[in-house]
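First up is the structure itself, then whatever we jot down about it.
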Amino acid sequence: DNVISYGTAGFRTKAELLDHVMYRMGLLAVLRSWSKASKHIGVMITASHNPECDNGVKLVDPAGEMLEFSWESLATDLANCPDKDIDTQIQNIISKCNITPGTGRVIVGRDTRSSSPALSTAVLNGIAALGGQVNDIGIVTTPQLHYMVVATNTEGGYGEPSLPGYYAKLTGAFKNFLGECKDVKNYQPKIMFDG
């Protein structure tokens, strides 16, 4: 009976312990979308720099920010409740947060860990269980998922909601920065990529 807690980086632990957590975070993402007037919520399946045997999940709020702190305890409670209490836990969240069910919209991304495809399927199943709409964008970086959430919710106001839009935003910002640099003296117009 190990309790897993949602923290700043979401949930992170051994991948084989996360199937039920992923399903429930799919549910929570739909609830969060309902609570935000059907705005898109992001779900990123990653454990960043943790060992390959680990994985994790974090939710991204509509403006591309981390999940609101007050929802971290809701995530922890839902992830750790007995299976027989899932429906009750969902109803408690709806009641506590004064949520009116609507259209749940979720954008899902994952990293390249071998456990990520199966864990992503669990998230997708959780989203489907509450009738949510999903945009599964596949293998992406965490910043790309954050960008996609805010760009989608601003209907392109922040940038084109696509991966080419992400690259255009990033390179455009870099070009603008270089344009602001008047005194470049020893600058060499060469980019080194370490990856």
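Each chain in the structure tokens gets a letter, A, B and so on, in the order shown; residues start at 1 in every chain, and ligands are counted from 1 in the order they appear.
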
Item to check | 12 Å contact set for region 3-19 of chain A, only C-alpha atoms, chain neighbours under 6 positions out, as a ChimeraX atom specification | outcome: /A:25-26,43-60,65-82,113-126,142

What are the closest atom pairs, with distances in Å to one decimal, for all residues of region 48-154 of chain A lying within 12 Å of region 165-171 of chain A? Consider only C-alpha atoms, order rows by chain and residue number, and present the result as CSV.
residue,atom,partner,partner_atom,distance
A:Val140,CA,A:Tyr166,CA,11.1
A:Thr141,CA,A:Tyr166,CA,11.0
A:Thr142,CA,A:Tyr166,CA,12.0
A:Pro143,CA,A:Tyr166,CA,9.2
A:Gln144,CA,A:Tyr166,CA,6.8
A:Leu145,CA,A:Tyr166,CA,9.6
A:His146,CA,A:Tyr166,CA,10.0
A:Tyr147,CA,A:Tyr166,CA,6.7
A:Met148,CA,A:Tyr166,CA,7.7
A:Val149,CA,A:Tyr166,CA,11.1
A:Val150,CA,A:Tyr166,CA,10.9
A:Ala151,CA,A:Gly165,CA,8.8
A:Thr152,CA,A:Gly165,CA,10.9

Item to check | Distance of CA of Asp136 (chain A) from CA of Val108 (chain A), expressed in Å to one decimal place | outcome: 4.8 Å

Next on the checklist: Restricting the calculation to only C-alpha atoms: of A:Val134, A:Val30, A:Ala129, A:Ile107, which residue gets closest to Ile94 (chain A)?
Outcome noted: A:Val30

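With CA of Lys84 (chain A) on one side and CA of Ala128 (chain A) on the other, the separation reads 18.8 Å.
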
Next on the checklist: Just list as number ranges by chain whatever in region 16-103 of chain A DSSP marks as alpha helix (DSSP H).
Outcome noted: A: 19-35, 69-80, 86-96

Checklist entry - Could you write out, as a ChimeraX atom specification, all the residues of region 46-76 of chain A that DSSP marks as strand (DSSP E or B)? => result /A:54-60,66

Item to check | Atom-to-atom span, CA of Ile90 (chain A) and CA of Arg24 (chain A), Å | outcome: 9.7 Å
